[in-house]
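The structure appears below as structure tokens.
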Amino acid sequence: MMIKLDAIRECLEGVVPGIMATAAPDGTPNVAYLSQIQFVDGDHVALSYQFFNKTRQNILSNPLAMLTVTNPATAAQYRLTLRFLRTETAGPLFESMKAKLAGIASHTGMSGIFKLLGADIFRVVDIHQVPGKSLPPPPKQRNLMASLRHSSERICACQDLDRLLNETLACLDELFGIRHTMVLMIDAPGERLYTVASRGYEASGIGSEIPLGKGVIGVAAREKTPIRIGHMNAEYAYSRAIRENAQHSGWAYALETEIPLPGLPESRSQMAVPIVFAQKLLGVLYVESPQDLRFTYDDEDALVSLALQLGLAIHIQQNAAEVCDETPSGDVSPLPASGAPLVIRHFAENDSVFLGDDYLIKGVAGSIFWTLFRDFVDKKRSEFTNRELRLDTRIRLPDVSDNLEARLILLSRRLVERNAGIRIEKTGRGRFRLGVDRPVVLVDEAV
């Protein structure tokens, strides 16, 4: 019985280069080493097309090829009979291979040489183990199915989005042994992602942003495909100093508005997994490690499954947050009379908000914050609902499912970090309260 391709995926990690044998139409053989072999499914692999060399010429004229791969842990070798089908030059598979190749190139000092031109798709016709001695496989460090099961149970028990995000990252740490993690949510109109939760870093980076298509995280989000890199890389590394170029002049742009993305100084293994519900991108689950080849195909499978559950749970929690427990009381809340006043500055150009001279937030979250405090000061209100925010035309939410609950969590966590005497306190399903410990003065710099 033929060996199944998914049973030997560890041979495709690239630790030991594959050996490809092809033949010209006249039967002249050619043997070459491959820098990248990608598992596609149980019947197909993708090989990197980087140069128009003899191997490439041969498969275009004679689609049959032989590929020998080696298990890096046991030294067992397998011979695959392949048939060339097509070349892909765009899309999720191509982008995933392109990112991984960039990591390999950077790791080997060949960034200027390795460039992916296409992903050659082959059907696996047959697999046989090459006769010879091999080592016993090492024991697995953990049972990923058990980790996934227990993580699923903990995620399903979460009653709100804030707890859901915290519990997900705790599961990755405690059950999967992945210490450095973050969740980013999509801001579709701005074509960027913003960090809403992180774990394992000295600075949380809550509110930091990365554009779609930028680095491992941005490409995984844009293509809605997982990207896994096993070596430190430069081209596809996320940037911890990403900032938008100033499009307008003014005081707001003269101050520091960048929140650094958290990350390891030398990230040697990275994986970004899109969080999707009903084919719609919600965000990205990102993990990294200072260890080379930390994440395997099995880890990728487990985290993709976890991200799918997370996407469903996020969708449920955000919809539930639109349903209020009861109508807010509308009680008048007097302004705090003691303490030095806090000056809150708002810039309409990009809805950036500053607490005194310290940057807090911008964009839709900044618009939400400013609207809440306008009502707090002008109407003496402190209690609000998600539903009324959704309908408030001053905020200009992009669409009905653009992560309102996640933006409120982002605001809440940023306020805790700033320690300015302002809090957003959840008071029930779809309800929250502004906690303000000192007088505030609002300054709209657009006026």
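Residue names in the structure tokens use chain letters A, B, ... in the order shown, residue numbers from 1 in each chain, and ligand numbers from 1 in the order shown.
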
Could you pull the residues within 8 Å of Val16 in chain A, counting only C-alpha atoms, minus those fewer than 3 positions along the same chain, as a list in words?
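With the cut-off at 8 Å, the set is Cys11, Glu13, Val69, Thr70, Asn71 and Pro72 of chain A.
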
I need the residues of range 143-365 of chain A that end up classed as strand (DSSP E or B) by DSSP on the backbone, written out as a VMD selection string.
chain A and resid 180 to 187 192 to 199 209 to 211 227 to 229 269 to 277 280 to 289 342 to 347 352 to 355 358 to 361

Residue with the minimum atom-to-atom distance to Pro341 in chain A, picked from A:Val287, A:Leu408, A:Ala302, A:Ile422 with only C-alpha atoms counted, is A:Ile422

Considering only C-alpha atoms, state which residue in the set A:Val284, A:Ile395, A:Ala320, A:Leu82 is at the smallest distance from Gly430 in chain A.
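The answer is A:Ala320, which sits nearest to Gly430 in chain A.
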
Measuring atom to atom with only C-alpha atoms, identify which of A:Asp126, A:Asp301, A:Glu445, A:Asp378 is nearest to Ser352 in chain A.
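Distance minimum relative to Ser352 in chain A lands on A:Glu445.
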
Would you compute the distance between CA of Asp351 in chain A and CA of Val364 in chain A? Give it in Å to one decimal.
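Here the two named atoms are 7.1 Å from each other.
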
From a DSSP calculation on the backbone, collect every residue of range 15-210 of chain A in alpha helix (DSSP H) and output the set as number ranges by chain.
A: 54-61, 92-107, 144-156, 161-174

Those same residues - C-alpha atoms - I'd like them written as a short mmCIF file (atom, residue, chain, number, x, y, z; two decimals), in the first residue's frame.
```cif
data_model
loop_
_atom_site.label_atom_id
_atom_site.label_comp_id
_atom_site.auth_asym_id
_atom_site.auth_seq_id
_atom_site.Cartn_x
_atom_site.Cartn_y
_atom_site.Cartn_z
CA LYS A 54 17.48 22.61 -16.76
CA THR A 55 14.99 21.20 -14.23
CA ARG A 56 12.41 23.75 -15.31
CA GLN A 57 13.02 23.07 -19.00
CA ASN A 58 12.66 19.34 -18.45
CA ILE A 59 9.34 19.40 -16.58
CA LEU A 60 7.80 21.69 -19.20
CA SER A 61 8.62 19.15 -21.91
CA PRO A 92 -2.44 32.24 -1.08
CA LEU A 93 -0.16 29.28 -1.90
CA PHE A 94 2.27 31.44 -3.86
CA GLU A 95 2.39 34.10 -1.12
CA SER A 96 2.92 31.48 1.59
CA MET A 97 5.82 29.93 -0.33
CA LYS A 98 7.23 33.36 -1.14
CA ALA A 99 7.29 34.28 2.54
CA LYS A 100 8.89 31.00 3.55
CA LEU A 101 11.50 31.29 0.80
CA ALA A 102 12.38 34.78 2.02
CA GLY A 103 13.06 33.28 5.45
CA ILE A 104 15.26 30.56 3.98
CA ALA A 105 17.14 33.10 1.86
CA SER A 106 17.74 35.45 4.78
CA HIS A 107 18.86 32.56 6.98
CA LEU A 144 -1.50 18.70 20.04
CA MET A 145 -4.94 17.11 19.74
CA ALA A 146 -5.30 17.11 23.52
CA SER A 147 -4.10 20.72 23.64
CA LEU A 148 -6.61 21.69 20.96
CA ARG A 149 -9.43 19.89 22.77
CA HIS A 150 -8.78 21.60 26.11
CA SER A 151 -8.33 24.97 24.39
CA SER A 152 -11.68 24.53 22.63
CA GLU A 153 -13.40 23.80 25.93
CA ARG A 154 -11.93 26.93 27.54
CA ILE A 155 -12.79 29.13 24.55
CA CYS A 156 -16.39 27.89 24.45
CA LEU A 161 -14.81 39.05 23.90
CA ASP A 162 -12.31 40.42 26.42
CA ARG A 163 -12.18 37.08 28.26
CA LEU A 164 -12.11 35.20 24.96
CA LEU A 165 -8.96 36.99 23.77
CA ASN A 166 -7.17 36.55 27.09
CA GLU A 167 -8.13 32.88 27.34
CA THR A 168 -6.98 32.11 23.80
CA LEU A 169 -3.48 33.46 24.42
CA ALA A 170 -3.35 31.76 27.82
CA CYS A 171 -4.17 28.42 26.16
CA LEU A 172 -1.37 28.90 23.63
CA ASP A 173 1.06 29.52 26.48
CA GLU A 174 -0.09 26.87 28.92
#
```

Just checking: using only C-alpha atoms, which residue out of A:Asn53, A:Gln317, A:Gln36, A:Ser48 ends up closest to Thr87 in chain A?
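Of the candidates, the smallest distance to Thr87 in chain A is held by A:Ser48.
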
Work out how far CA of Glu349 in chain A is from CA of Ile210 in chain A, in Å to one decimal.
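Distance between the two atoms: 19.8 Å.
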
Would you work out the distance separating CA of Gly200 in chain A from CA of Cys158 in chain A, expressed in Å to one decimal?
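Interatomic distance, CA of Gly200 in chain A to CA of Cys158 in chain A: 21.3 Å.
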